[in-house]
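Everything below concerns the one structure shown next.
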Amino acid sequence: METADVPGRSVRRLGKGVFEMERKRIYLASPTMHGWEQKFVQEVFDSNWVAPVGPDVNAFEKEVAAFAGIGYAAAVSAGTAAIHLALKLLGIGEGDVVICSDLTFSASCNPICYEKATPVFVDCEPGTWDMSPDALRRALKKYPQAKAVICVHLYGTPARLDEIMDICREAGIPMIEDAAESLSSTYKGKQTGTFGRFGIYSFNGNKIITTSSGGMLVSDDKEAIDRARFLATQARDPARHYQHSQIGYNYRMSNVLAGIGRGQMKSLVLHRELKQAIYRTYQEAFADMEEITMNPMNPDGEANYWLSCMTIAPSAGVTPDHVIDALEAENIESRPIWKPMHMQPVFAGCDFFSHREDGSVGEDVFARGLCLPSDVKNTKEDMERIIGIVRGVFGK
């Protein structure tokens, strides 16, 4: 069987004179390797450091911390694990209230429940789709005993950090920055993930850089990061024999995956530039359409444009599902906006604070929005194909 590529199609020869045309698959966001990764991984294999510790883990931690401009980092198995460790380090326990962004993926708040604490959800605000300072103030007025705030930088767009940090300082409550989606995004020139008591990054397969799976906990508190590493390696006491005085976790990153991460770090700025170009291409392509609005950007920050998203005007007569289905029919991946946490069955009964009195901003974004293909490997032809399909749904 022979194959060949033509624009938007893969041609397969099934037999003499018989061909099958396959539509090229365009992904939402998939891993992109550049060659450095193989070099580092080969060195891992050559040195036989195929373990959840090793020199590449140590080096990856230092490289991420240096890029972010923060003191210390602990490489772990996932961004979720990093949030869990941050909560442990803050002493969050059963019955404690933790306030969390509502428009996010469940990994932001699941660790609250690991500790049998109580999540309270705060709506997003329309200017960034991130945590609403106004709703946060109202949440803290009702729950002044809250032990922590988890602020998410949604789709790579920095939140209104000055206001949120001021509110947290006034309340005497530490903030955890969920920067899982926003590595390399900045707010007033400073990297996201470095404002709160702790920051976390994710290196899941669809993130701006990936280690296949993995995450990072960062802080300027050396003692806290040292303790995070201790807890992440089963809390083994410094004894010759295997002794444990407290419960630990198997959360440490593999040295093999850290090697991938070190290679990916060399392309992080390039990926950010490509993501930005994708967003601007969509923005220009839909500029003449009142029916479509791209996801908002914080004017005080620079996003990494992890995912380009759009919302549809209520008057358009088109739903996100219409667009998603049209793209999928052409073998193109897109997806809905995150479903807000207060709407999730598992969090039914949890308190929620809306940004405005006439309804939730997050519910509205979820109802009218979708994530567009934002893969850094998208070609000019790929973008034209995607844009043509989307415009066609609107009859444009």
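Identifiers in the structure tokens: chain A, B, ... in order shown; residue index from 1 per chain; ligand index from 1 in order shown.
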Residue neighbourhood region 280-287 of chain A, 12 Å, only C-alpha atoms, exclusion window fewer than 2 positions, as a VMD selection string = chain A and resid 273 to 278 289 to 297 305 307 to 312 371 to 374 378 to 392 394 396
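For the atom pair formed by CA of Val218 (chain A) and CA of Ala68 (chain A), the distance is 8.9 Å, given to one decimal.
With only C-alpha atoms as the atoms that count, the minimum distance from Asn110 (chain A) to the choices A:Ser132, A:Glu63, A:Val346, A:Thr194 is reached by A:Val346.
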Find the residues near Phe67 (chain A): any atom within 12 Å, counting only C-alpha atoms, skip ones fewer than 3 places away on the same chain, and give them as number ranges by chain.
-> A: 60-64, 70-73, 183-186, 190-194, 218, 262, 265-266, 268-269
Excluding region 150-163 of chain A and residues on its chain fewer than 3 positions from it, collect all residues at most 8 Å away from it, counting only C-alpha atoms, and give them as a PyMOL selection string.
-> chain A and resi 98-101+103-104+108+128-131+133+166-167+175-183+185-187+192+195+297-298+301-308
Nearest to Met253 (chain A): which of A:Gly79, A:Pro174, A:Gly349, A:Gly215 is it, counting only C-alpha atoms?
-> A:Gly215
Contacts of Ser254 (chain A) at 10 Å (only C-alpha atoms; same-chain gap of 5+ positions) as a list of chain:residue names = A:Trp49, A:Val50, A:Ala51, A:Pro52, A:Val53, A:Gly54, A:Asp56, A:Val57, A:Ala75, A:Val76, A:Ser77, A:Thr211, A:Ser213, A:Gly214, A:Gly259
Once you have the residues from the selection above, write them out as a PDB file, in the first residue's frame, restricted to C-alpha atoms.
ATOM      1  CA  TRP A  49      18.918   6.644  35.121  1.00  0.00           C
ATOM      2  CA  VAL A  50      15.535   5.110  34.294  1.00  0.00           C
ATOM      3  CA  ALA A  51      13.992   5.930  37.656  1.00  0.00           C
ATOM      4  CA  PRO A  52      11.737   8.469  39.395  1.00  0.00           C
ATOM      5  CA  VAL A  53      14.877  10.346  40.496  1.00  0.00           C
ATOM      6  CA  GLY A  54      18.035  11.371  38.692  1.00  0.00           C
ATOM      7  CA  ASP A  56      17.564  15.169  34.590  1.00  0.00           C
ATOM      8  CA  VAL A  57      14.826  15.612  37.207  1.00  0.00           C
ATOM      9  CA  ALA A  75       8.965  17.925  39.465  1.00  0.00           C
ATOM     10  CA  VAL A  76       6.011  15.610  40.037  1.00  0.00           C
ATOM     11  CA  SER A  77       3.765  13.182  38.188  1.00  0.00           C
ATOM     12  CA  THR A 211       6.626  15.467  29.240  1.00  0.00           C
ATOM     13  CA  SER A 213       2.493  13.430  31.787  1.00  0.00           C
ATOM     14  CA  GLY A 214       3.923  15.468  34.608  1.00  0.00           C
ATOM     15  CA  GLY A 259      14.621  14.354  29.842  1.00  0.00           C
TER      16      GLY A 259
END
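In terms of minimum interatomic distance to Gln234 (chain A), A:Ile247 ranks closest within A:Ala74, A:Ile324, A:Val361, A:Ile247, counting only C-alpha atoms.
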